[in-house]
file structure_2.txt (compact mmCIF, C-alpha atoms)
# COMPACT_ATOMS: atom_id res chain seq x y z
CA MET Y 140 -88.14 9.11 292.79
CA LYS Y 141 -86.74 11.66 290.30
CA LYS Y 142 -89.11 14.26 291.77
CA GLU Y 143 -88.07 13.42 295.34
CA ILE Y 144 -84.37 13.73 294.46
CA THR Y 145 -84.99 17.09 292.79
CA LYS Y 146 -87.03 18.38 295.71
CA ALA Y 147 -84.49 17.30 298.34
CA SER Y 148 -81.65 18.80 296.28
CA ILE Y 149 -83.38 22.17 296.01
CA GLN Y 150 -83.66 22.28 299.81
CA LEU Y 151 -80.00 21.33 300.27
CA PHE Y 152 -78.75 23.73 297.58
CA GLU Y 153 -80.74 26.53 299.18
CA GLN Y 154 -79.40 25.81 302.69
CA LYS Y 155 -75.79 24.83 302.00
CA GLY Y 156 -75.19 26.14 298.48
CA PHE Y 157 -74.60 24.02 295.36
CA SER Y 158 -70.81 23.72 295.82
CA GLN Y 159 -71.10 22.63 299.45
CA THR Y 160 -73.69 19.92 298.72
CA SER Y 161 -72.38 16.50 297.65
CA ILE Y 162 -74.31 13.74 295.89
CA GLN Y 163 -73.68 11.79 299.11
CA ASP Y 164 -75.58 14.51 301.07
CA ILE Y 165 -78.49 14.24 298.65
CA VAL Y 166 -78.84 10.46 298.73
CA GLU Y 167 -78.36 10.33 302.52
CA SER Y 168 -81.20 12.82 303.04
CA LEU Y 169 -83.50 10.39 301.17
CA ASN Y 170 -82.03 7.12 302.47
CA VAL Y 171 -81.30 5.88 298.97
CA THR Y 172 -78.07 4.77 297.25
CA LYS Y 173 -75.85 6.69 294.85
CA GLY Y 174 -76.94 4.16 292.22
CA THR Y 175 -80.46 5.54 292.50
CA PHE Y 176 -79.15 9.05 291.91
CA TYR Y 177 -77.16 8.02 288.84
CA TYR Y 178 -80.16 6.13 287.45
CA TYR Y 179 -81.89 9.52 287.02
CA PHE Y 180 -79.03 12.01 286.64
CA THR Y 181 -75.58 11.82 285.04
CA SER Y 182 -74.10 14.44 287.41
CA LYS Y 183 -74.85 17.10 290.00
CA GLU Y 184 -74.51 19.69 287.20
CA GLN Y 185 -77.20 17.96 285.14
CA LEU Y 186 -79.50 17.98 288.17
CA LEU Y 187 -78.86 21.72 288.61
CA MET Y 188 -79.67 22.33 284.95
CA ASP Y 189 -82.89 20.31 285.40
CA ILE Y 190 -83.85 22.57 288.33
CA HIS Y 191 -83.15 25.69 286.25
CA ASN Y 192 -85.13 24.39 283.29
CA GLN Y 193 -88.11 23.38 285.42
CA TYR Y 194 -88.19 26.75 287.17
CA ILE Y 195 -88.16 28.92 284.06
CA ASP Y 196 -90.26 26.51 281.93
CA ASN Y 197 -92.96 26.60 284.60
CA LEU Y 198 -93.00 30.42 284.54
CA LEU Y 199 -93.05 30.49 280.73
CA THR Y 200 -95.93 27.98 280.61
CA GLN Y 201 -98.01 30.01 283.04
CA GLN Y 202 -97.13 33.23 281.21
CA LYS Y 203 -98.21 31.65 277.89
CA LYS Y 204 -101.63 30.76 279.35
CA ILE Y 205 -102.12 34.41 280.26
CA ILE Y 206 -100.91 35.71 276.90
CA ASP Y 207 -102.98 33.26 274.85
CA ASN Y 208 -106.22 34.05 276.66
CA SER Y 209 -107.87 36.43 274.23
CA SER Y 210 -110.56 37.41 276.73
CA PHE Y 211 -107.94 39.39 278.73
CA THR Y 212 -107.10 42.99 277.90
CA ASN Y 213 -103.41 43.91 277.83
CA ARG Y 214 -103.94 45.66 281.14
CA GLU Y 215 -105.27 42.42 282.66
CA LYS Y 216 -102.36 40.47 281.19
CA ILE Y 217 -99.83 42.77 282.88
CA LYS Y 218 -101.61 42.42 286.21
CA LYS Y 219 -101.79 38.63 285.89
CA ILE Y 220 -98.07 38.41 285.12
CA ILE Y 221 -97.28 40.54 288.20
CA ALA Y 222 -99.52 38.18 290.22
CA LEU Y 223 -97.72 35.15 288.75
CA LEU Y 224 -94.30 36.44 289.80
CA ILE Y 225 -95.35 37.50 293.31
CA ARG Y 226 -97.17 34.19 293.94
CA ASP Y 227 -94.05 32.43 292.70
CA ILE Y 228 -92.05 33.99 295.56
CA ARG Y 229 -94.43 32.26 297.96
CA ASP Y 230 -94.74 28.94 296.13
CA GLU Y 231 -91.24 28.48 294.71
CA LYS Y 232 -89.03 30.47 297.07
CA SER Y 233 -86.32 27.78 297.34
CA SER Y 234 -86.23 27.09 293.60
CA GLY Y 235 -86.13 30.82 292.91
CA LYS Y 236 -83.14 31.33 295.21
CA VAL Y 237 -81.27 28.41 293.63
CA PHE Y 238 -82.20 29.74 290.18
CA PHE Y 239 -80.87 33.26 290.75
CA ARG Y 240 -77.84 32.33 292.88
CA GLU Y 241 -76.47 29.08 291.43
CA ILE Y 242 -76.59 29.88 287.71
CA VAL Y 243 -72.82 30.53 287.93
CA HIS Y 244 -72.34 26.77 288.34
CA LEU Y 245 -73.86 25.89 284.97
CA ASN Y 246 -71.54 25.48 282.00
CA SER Y 247 -71.60 28.22 279.38
CA GLU Y 248 -73.86 26.33 276.95
CA ASN Y 249 -76.43 25.74 279.69
CA VAL Y 250 -76.18 29.34 280.89
CA GLY Y 251 -76.95 30.39 277.31
CA THR Y 252 -80.04 28.18 277.21
CA ILE Y 253 -81.37 29.54 280.51
CA LYS Y 254 -80.62 33.18 279.67
CA GLU Y 255 -82.42 32.79 276.35
CA LYS Y 256 -85.52 31.56 278.23
CA ARG Y 257 -85.27 34.43 280.74
CA ASN Y 258 -85.04 36.87 277.84
CA ARG Y 259 -88.10 35.28 276.25
CA PHE Y 260 -90.11 35.91 279.44
CA ARG Y 261 -89.08 39.58 279.34
CA ILE Y 262 -89.72 40.02 275.62
CA ASN Y 263 -93.19 38.51 276.07
CA ILE Y 264 -93.94 41.35 278.52
CA GLU Y 265 -92.51 43.85 276.03
CA ASP Y 266 -94.90 42.46 273.37
CA ILE Y 267 -97.92 42.92 275.64
CA VAL Y 268 -96.85 46.53 276.32
CA ARG Y 269 -96.41 47.13 272.57
CA LYS Y 270 -99.86 45.74 271.80
CA GLY Y 271 -101.35 47.86 274.57
CA ILE Y 272 -99.71 50.94 273.07
CA ASP Y 273 -100.93 50.03 269.58
CA ASN Y 274 -104.55 49.61 270.68
CA LYS Y 275 -104.41 52.78 272.84
CA GLU Y 276 -104.84 51.00 276.18
CA PHE Y 277 -101.41 52.30 277.20
CA LYS Y 278 -99.70 55.66 276.82
CA THR Y 279 -98.05 56.00 273.44
CA ASN Y 280 -94.85 57.80 274.44
CA LEU Y 281 -93.16 54.91 276.26
CA ARG Y 282 -90.52 52.47 275.00
CA PRO Y 283 -91.93 48.93 275.48
CA ASP Y 284 -88.46 47.49 276.15
CA MET Y 285 -87.76 49.90 279.01
CA VAL Y 286 -91.25 49.43 280.44
CA ALA Y 287 -90.73 45.64 280.50
CA PHE Y 288 -87.49 46.12 282.46
CA GLY Y 289 -89.32 48.43 284.85
CA ILE Y 290 -92.06 45.88 285.54
CA LEU Y 291 -89.53 43.08 286.06
CA GLY Y 292 -87.61 45.37 288.42
CA VAL Y 293 -90.63 45.78 290.66
CA THR Y 294 -91.32 42.04 290.81
CA ASN Y 295 -87.80 40.58 290.78
CA TYR Y 296 -86.49 42.92 293.48
CA SER Y 297 -89.20 41.50 295.75
CA TYR Y 298 -87.15 38.28 295.97
CA ASN Y 299 -84.71 40.26 298.12
CA TRP Y 300 -87.10 41.57 300.74
CA TYR Y 301 -90.64 40.20 300.47
CA ASN Y 302 -91.85 37.72 303.10
CA PRO Y 303 -95.07 36.10 301.80
CA GLU Y 304 -95.82 34.85 305.34
CA GLY Y 305 -95.80 38.43 306.67
CA GLU Y 306 -98.66 40.88 307.02
CA VAL Y 307 -98.92 41.69 303.29
CA THR Y 308 -100.40 38.79 301.28
CA PRO Y 309 -99.27 38.08 297.69
CA GLU Y 310 -102.70 39.30 296.52
CA GLU Y 311 -102.33 42.64 298.34
CA LEU Y 312 -98.81 43.15 297.05
CA THR Y 313 -99.96 42.33 293.51
CA ASN Y 314 -102.70 44.93 293.83
CA ILE Y 315 -100.34 47.64 295.06
CA PHE Y 316 -97.74 46.93 292.36
CA SER Y 317 -100.43 46.77 289.66
CA VAL Y 318 -101.81 50.14 290.71
CA ILE Y 319 -98.32 51.67 290.58
CA VAL Y 320 -97.47 50.18 287.17
CA LEU Y 321 -100.89 50.67 285.52
CA GLU Y 322 -102.44 53.72 287.17
CA GLY Y 323 -99.47 55.41 288.85
CA LEU Y 324 -99.14 56.98 292.25
CA LEU Y 325 -100.78 60.26 291.32
CA ASP Y 326 -104.33 60.86 292.46
CA GLU Y 327 -105.93 62.43 289.41
CA MET C 161 -53.28 60.36 297.77
CA LYS C 162 -56.08 58.82 299.86
CA LYS C 163 -58.49 59.60 297.01
CA GLU C 164 -56.17 58.05 294.42
CA ILE C 165 -55.80 54.87 296.48
CA THR C 166 -59.58 54.62 296.88
CA LYS C 167 -60.18 55.19 293.19
CA ALA C 168 -57.59 52.64 292.06
CA SER C 169 -58.95 50.10 294.55
CA ILE C 170 -62.52 50.48 293.29
CA GLN C 171 -61.30 49.68 289.76
CA LEU C 172 -59.32 46.65 290.94
CA PHE C 173 -62.12 45.36 293.18
CA GLU C 174 -64.54 45.70 290.29
CA GLN C 175 -62.28 43.85 287.84
CA LYS C 176 -60.70 41.16 290.03
CA GLY C 177 -62.99 41.05 293.07
CA PHE C 178 -62.11 42.12 296.61
CA SER C 179 -60.67 38.73 297.67
CA GLN C 180 -58.44 38.45 294.60
CA THR C 181 -56.98 41.95 295.01
CA SER C 182 -53.97 42.33 297.33
CA ILE C 183 -52.65 45.53 298.91
CA GLN C 184 -49.55 44.83 296.76
CA ASP C 185 -51.76 45.03 293.61
CA ILE C 186 -53.18 48.34 294.78
CA VAL C 187 -49.86 50.04 295.54
CA GLU C 188 -48.23 48.66 292.37
CA SER C 189 -51.00 50.14 290.23
CA LEU C 190 -50.12 53.56 291.67
CA ASN C 191 -46.34 53.13 291.90
CA VAL C 192 -46.32 53.84 295.63
CA THR C 193 -45.11 51.81 298.62
CA LYS C 194 -47.14 49.75 301.09
CA GLY C 195 -46.11 52.34 303.69
CA THR C 196 -48.17 54.89 301.78
CA PHE C 197 -51.19 52.58 301.89
CA TYR C 198 -50.85 52.00 305.64
CA TYR C 199 -50.47 55.73 306.26
CA TYR C 200 -54.11 56.15 305.12
CA PHE C 201 -55.72 52.76 305.88
CA THR C 202 -55.23 50.18 308.63
CA SER C 203 -56.32 47.29 306.37
CA LYS C 204 -57.95 46.30 303.08
CA GLU C 205 -61.19 45.76 305.06
CA GLN C 206 -61.10 49.33 306.35
CA LEU C 207 -60.61 50.58 302.80
CA LEU C 208 -63.63 48.52 301.68
CA MET C 209 -65.72 49.97 304.49
CA ASP C 210 -64.61 53.47 303.44
CA ILE C 211 -65.80 52.75 299.90
CA HIS C 212 -69.15 51.51 301.19
CA ASN C 213 -69.60 54.52 303.45
CA GLN C 214 -68.70 57.00 300.71
CA TYR C 215 -71.09 55.38 298.26
CA ILE C 216 -74.15 55.36 300.49
CA ASP C 217 -73.31 58.66 302.24
CA ASN C 218 -73.13 60.35 298.86
CA LEU C 219 -76.56 59.00 297.90
CA LEU C 220 -78.03 60.01 301.28
CA THR C 221 -76.58 63.53 300.98
CA GLN C 222 -78.05 64.02 297.52
CA GLN C 223 -81.36 62.54 298.65
CA LYS C 224 -81.45 64.93 301.61
CA LYS C 225 -81.00 67.95 299.31
CA ILE C 226 -84.06 66.80 297.36
CA ILE C 227 -86.14 66.12 300.48
CA ASP C 228 -85.23 69.40 302.19
CA ASN C 229 -86.12 71.54 299.18
CA SER C 230 -89.57 72.77 300.13
CA SER C 231 -90.23 74.17 296.66
CA PHE C 232 -90.58 70.60 295.32
CA THR C 233 -93.90 68.74 295.42
CA ASN C 234 -93.79 65.12 296.58
CA ARG C 235 -94.27 64.09 292.97
CA GLU C 236 -91.16 66.05 291.98
CA LYS C 237 -89.21 64.56 294.86
CA ILE C 238 -89.99 61.02 293.68
CA LYS C 239 -88.92 61.87 290.14
CA LYS C 240 -85.71 63.50 291.35
CA ILE C 241 -84.82 60.46 293.46
CA ILE C 242 -85.39 58.18 290.44
CA ALA C 243 -83.12 60.52 288.42
CA LEU C 244 -80.49 60.41 291.19
CA LEU C 245 -80.37 56.60 291.17
CA ILE C 246 -80.30 56.24 287.37
CA ARG C 247 -77.59 58.91 287.00
CA ASP C 248 -75.66 57.09 289.70
CA ILE C 249 -75.49 53.99 287.48
CA ARG C 250 -73.68 56.11 284.91
CA ASP C 251 -71.46 58.09 287.28
CA GLU C 252 -70.66 55.50 289.94
CA LYS C 253 -71.01 52.19 288.14
CA SER C 254 -67.79 50.69 289.58
CA SER C 255 -68.54 51.83 293.14
CA GLY C 256 -72.09 50.55 292.82
CA LYS C 257 -70.92 47.11 291.74
CA VAL C 258 -68.40 46.91 294.58
CA PHE C 259 -71.10 48.15 296.98
CA PHE C 260 -73.68 45.51 296.05
CA ARG C 261 -71.27 42.61 295.50
CA GLU C 262 -68.55 42.94 298.13
CA ILE C 263 -70.66 43.75 301.21
CA VAL C 264 -70.17 40.06 302.22
CA HIS C 265 -66.54 40.92 303.00
CA LEU C 266 -67.40 43.48 305.68
CA ASN C 267 -67.50 42.31 309.30
CA SER C 268 -70.93 42.04 310.88
CA GLU C 269 -70.72 45.38 312.73
CA ASN C 270 -69.86 47.19 309.50
CA VAL C 271 -72.57 45.32 307.59
CA GLY C 272 -75.02 46.55 310.23
CA THR C 273 -73.89 50.15 309.77
CA ILE C 274 -74.24 50.00 305.98
CA LYS C 275 -77.59 48.20 306.07
CA GLU C 276 -78.93 50.80 308.47
CA LYS C 277 -77.96 53.54 305.98
CA ARG C 278 -79.53 51.61 303.08
CA ASN C 279 -82.72 51.27 305.12
CA ARG C 280 -82.68 54.99 305.84
CA PHE C 281 -82.60 55.73 302.09
CA ARG C 282 -85.64 53.49 301.61
CA ILE C 283 -87.57 54.87 304.58
CA ASN C 284 -86.96 58.41 303.30
CA ILE C 285 -88.79 57.41 300.10
CA GLU C 286 -91.56 55.87 302.21
CA ASP C 287 -91.92 59.20 304.05
CA ILE C 288 -92.30 61.14 300.81
CA VAL C 289 -94.98 58.70 299.66
CA ARG C 290 -96.77 59.05 303.02
CA LYS C 291 -96.70 62.86 302.80
CA GLY C 292 -97.99 62.69 299.21
CA ILE C 293 -100.85 60.49 300.37
CA ASP C 294 -101.64 62.83 303.28
CA ASN C 295 -101.80 65.93 301.09
CA LYS C 296 -103.81 64.08 298.37
CA GLU C 297 -101.10 64.25 295.71
CA PHE C 298 -101.00 60.44 295.70
CA LYS C 299 -103.71 57.78 295.78
CA THR C 300 -104.82 57.09 299.32
CA ASN C 301 -105.24 53.31 299.13
CA LEU C 302 -101.56 52.35 298.87
CA ARG C 303 -99.14 51.22 301.60
CA PRO C 304 -96.17 53.64 301.57
CA ASP C 305 -93.73 50.89 302.63
CA MET C 306 -94.65 48.63 299.69
CA VAL C 307 -94.63 51.57 297.27
CA ALA C 308 -91.08 52.46 298.37
CA PHE C 309 -89.94 48.89 297.70
CA GLY C 310 -91.62 49.05 294.28
CA ILE C 311 -89.79 52.26 293.33
CA LEU C 312 -86.45 50.89 294.52
CA GLY C 313 -87.12 47.72 292.52
CA VAL C 314 -87.47 49.70 289.30
CA THR C 315 -84.25 51.64 289.88
CA ASN C 316 -82.03 49.03 291.57
CA TYR C 317 -82.80 46.30 289.03
CA SER C 318 -81.40 48.66 286.39
CA TYR C 319 -77.92 47.94 287.77
CA ASN C 320 -78.26 44.47 286.23
CA TRP C 321 -79.09 45.44 282.68
CA TYR C 322 -78.88 49.19 281.98
CA ASN C 323 -76.01 50.49 279.84
CA PRO C 324 -75.86 54.29 280.24
CA GLU C 325 -73.64 54.49 277.11
CA GLY C 326 -76.34 52.80 275.01
CA GLU C 327 -79.17 54.39 273.03
CA VAL C 328 -81.31 55.30 276.05
CA THR C 329 -79.86 58.20 278.06
CA PRO C 330 -80.24 58.40 281.86
CA GLU C 331 -82.64 61.32 281.33
CA GLU C 332 -84.87 59.29 278.98
CA LEU C 333 -84.88 56.29 281.29
CA THR C 334 -85.74 58.54 284.25
CA ASN C 335 -88.67 59.97 282.28
CA ILE C 336 -90.02 56.54 281.34
CA PHE C 337 -89.71 55.20 284.88
CA SER C 338 -91.24 58.35 286.37
CA VAL C 339 -94.23 58.08 284.05
CA ILE C 340 -94.74 54.44 285.05
CA VAL C 341 -94.44 55.11 288.78
CA LEU C 342 -96.35 58.42 288.88
CA GLU C 343 -98.89 58.26 286.04
CA GLY C 344 -99.02 54.55 285.19
CA LEU C 345 -99.09 52.80 281.85
CA LEU C 346 -102.80 53.31 281.23
CA ASP C 347 -103.81 55.96 278.77
CA GLU C 348 -106.78 57.56 280.46

call {"tool": "encode", "arguments": {"input": "structure_2.txt", "output": "C-alpha cells"}}
result
Amino acid sequence: MKKEITKASIQLFEQKGFSQTSIQDIVESLNVTKGTFYYYFTSKEQLLMDIHNQYIDNLLTQQKKIIDNSSFTNREKIKKIIALLIRDIRDEKSSGKVFFREIVHLNSENVGTIKEKRNRFRINIEDIVRKGIDNKEFKTNLRPDMVAFGILGVTNYSYNWYNPEGEVTPEELTNIFSVIVLEGLLDE
Amino acid sequence: MKKEITKASIQLFEQKGFSQTSIQDIVESLNVTKGTFYYYFTSKEQLLMDIHNQYIDNLLTQQKKIIDNSSFTNREKIKKIIALLIRDIRDEKSSGKVFFREIVHLNSENVGTIKEKRNRFRINIEDIVRKGIDNKEFKTNLRPDMVAFGILGVTNYSYNWYNPEGEVTPEELTNIFSVIVLEGLLDE
C-alpha cells in the first residue's frame, strides 16, 4: 500500500502541485482512509521527502552499476550515463517533474540531504572525465568539473522540451547527444 | 528616466520577485513619483513585458550579427553563439533571472510573443547546424533540431550554477564548451 500511496501522490503532485494537493485528495484517489496514510507516513512533507529520496537514490544506484563495471571504458560510461538520464525522462517523467519543481517544499535539512546526493551524481561524472583524461581517452586540456556541468546541461535541459513519445526515441537522442559530447560536431 | 526605471525594477524583481514588488517600491527606490512611472508605463505588467522584450531582442540582435557575418565558418558561428550566451550570464544576470523566472506573470498573448522569439533563437542555431552539415563542416548523421537543443542545454543550464566572478572566466568556459560541442571529449 505504501507504494500505491506514493505512486498516486506523484500523479497528484504533478497535476495539481504539492501545495494544492491535500492528504484527503490522496486517500480519496485510492479509496482508503487517512488512517492508512498515517500508518505509512507522518506527514505530506515526509512523503515528499520519500519521493525525492527514491528518485535520486534510483539514479545513483544505476549510475554506480555503470561506474563499477570495469569492462566499460570511460567513453562507454559517459554514453551509458547519458542513456540513463534520457531514458529516465521517459520512465520517470512525473517523478522527475516533482523532483525538480517541489524541492522548495522540503525543509532546509532535507534540501541539504537531496542537494548532497545531486552533487554526488555530478561529481561521479567529473571523476569519470578525470580518469578518461588521465588514461588519455579524453583530451587533456579540459577541466573535468566544467565538462561534467556541460554533460548535465545537455541531459537535464531535455526535461524542458523532450517528448519521449515523439518521433525521436530515447535511444536516438542518446546517440546524438553522445556523438556531440564525445566526438563533437566537426567532421574530421 | 525610462532606462532608470527599468534598471531599478530588474534589481527589485530579482531580489523580491515580481509579485512582491509594488510600483510604490519602484518609484521610492528612485525618489520619483508614481506619475513619473505612469508617464512611461501603463502598468507593472507592461514594464515586465518591456524587460522580456529587451532581453530576448538584445540576444537576437547579437545573434543576427554573428549569423550575417559571411566571413565566419559555421563552426565559428556556433562558438560565437556559445560565447554570447555565457557572456550574457555575466553581463545580464539579473535580467536573465527575471526573464526565466517571471514569464509566468505575462498574459498569454505576451507569453506567446516571447516564446516565439525564444524559438527563433533556437531555430537560428538549427539553421547553422544544417548549413554546416550541408557543406561538410559537420558530421552528416545528426539531426540539426536535436543538436540545437543540445547546445542550448549546455549554455542555458549554466544559469543555474555558473558564477562568472569565480575562478573560471566566461572566455575559459566558452572554450571548454566549444571544444565539447565541436571537437568532443575524445582524444583522437

call {"tool": "residues_around", "arguments": {"input": "structure_2.txt", "residues": "Gly344 of chain C", "least_positions_apart": "6", "cutoff": "6 Å", "atoms": "all atoms listed in the file", "output": "compact mmCIF listing (two decimals) with C-alpha atoms, in the frame of the given file"}}
result
# COMPACT_ATOMS: atom_id res chain seq x y z
CA VAL Y 320 -97.47 50.18 287.17
CA LEU Y 321 -100.89 50.67 285.52
CA GLU Y 322 -102.44 53.72 287.17
CA GLY Y 323 -99.47 55.41 288.85

call {"tool": "atom_distance", "arguments": {"input": "structure_2.txt", "atom1": "atom CA of Ser158 of chain Y", "atom2": "atom CA of Gly235 of chain Y"}}
result
17.1 Å

call {"tool": "closest_atom_pairs", "arguments": {"input": "structure_2.txt", "of": "segment 223-259 of chain Y", "to": "segment 150-154 of chain Y", "cutoff": "10 Å", "atoms": "all atoms listed in the file", "output": "CSV"}}
result
residue,atom,partner,partner_atom,distance
Y:Lys232,CA,Y:Glu153,CA,9.4
Y:Ser233,CA,Y:Glu153,CA,6.0
Y:Ser234,CA,Y:Glu153,CA,7.8
Y:Gly235,CA,Y:Glu153,CA,9.3
Y:Lys236,CA,Y:Glu153,CA,6.7
Y:Val237,CA,Y:Glu153,CA,5.9
Y:Phe238,CA,Y:Glu153,CA,9.7
Y:Arg240,CA,Y:Glu153,CA,9.0
Y:Glu241,CA,Y:Phe152,CA,8.5

call {"tool": "atom_distance", "arguments": {"input": "structure_2.txt", "atom1": "atom CA of Ile267 of chain Y", "atom2": "atom CA of Asn213 of chain Y"}}
result
6.0 Å

call {"tool": "closest_atom_pairs", "arguments": {"input": "structure_2.txt", "of": "chain C", "to": "chain Y", "cutoff": "7 Å", "atoms": "all atoms listed in the file", "output": "tab-separated table"}}
result
residue	atom	partner	partner_atom	distance
C:Lys296	CA	Y:Asp326	CA	6.8
C:Glu297	CA	Y:Asp326	CA	5.7
C:Phe298	CA	Y:Leu325	CA	4.4
C:Lys299	CA	Y:Asp326	CA	4.6
C:Leu302	CA	Y:Ile315	CA	6.2
C:Gly310	CA	Y:Val293	CA	5.0
C:Gly313	CA	Y:Val293	CA	4.4
C:Val314	CA	Y:Gly292	CA	4.4
C:Tyr317	CA	Y:Gly292	CA	4.9
C:Ile336	CA	Y:Leu281	CA	6.2
C:Phe337	CA	Y:Gly289	CA	6.8
C:Ile340	CA	Y:Val320	CA	5.5
C:Val341	CA	Y:Gly323	CA	5.0
C:Leu342	CA	Y:Gly323	CA	4.3
C:Glu343	CA	Y:Gly323	CA	4.0
C:Gly344	CA	Y:Gly323	CA	3.8
C:Leu345	CA	Y:Leu321	CA	4.6
C:Leu346	CA	Y:Phe277	CA	4.4
C:Asp347	CA	Y:Lys278	CA	4.6

call {"tool": "closest_residue", "arguments": {"input": "structure_2.txt", "among": "Y:Leu223, Y:Ala287, Y:Ile242, Y:Ile162", "to": "Phe180 of chain Y", "atoms": "all atoms listed in the file"}}
result
Y:Ile162

call {"tool": "atom_distance", "arguments": {"input": "structure_2.txt", "atom1": "atom CA of Ile149 of chain Y", "atom2": "atom CA of Val171 of chain Y"}}
result
16.7 Å

call {"tool": "residues_near_point", "arguments": {"input": "structure_2.txt", "point": "(-96.5, 40.7, 294.7)", "cutoff": "7 Å", "atoms": "all atoms listed in the file", "output": "count of residues only"}}
result
11

call {"tool": "closest_residue", "arguments": {"input": "structure_2.txt", "among": "Y:Phe260, Y:Tyr194, Y:Tyr178, Y:Phe239", "to": "Ile220 of chain Y", "atoms": "all atoms listed in the file"}}
result
Y:Phe260

call {"tool": "residues_around", "arguments": {"input": "structure_2.txt", "residues": "Thr273 of chain C", "least_positions_apart": "3", "cutoff": "10 Å", "atoms": "all atoms listed in the file", "output": "PyMOL selection string"}}
result
chain C and resi 209+212-213+268-270+276-278

call {"tool": "closest_residue", "arguments": {"input": "structure_2.txt", "among": "C:Thr166, C:Gly272, C:Lys291, C:Leu207", "to": "Ile227 of chain C", "atoms": "only C-alpha atoms"}}
result
C:Lys291
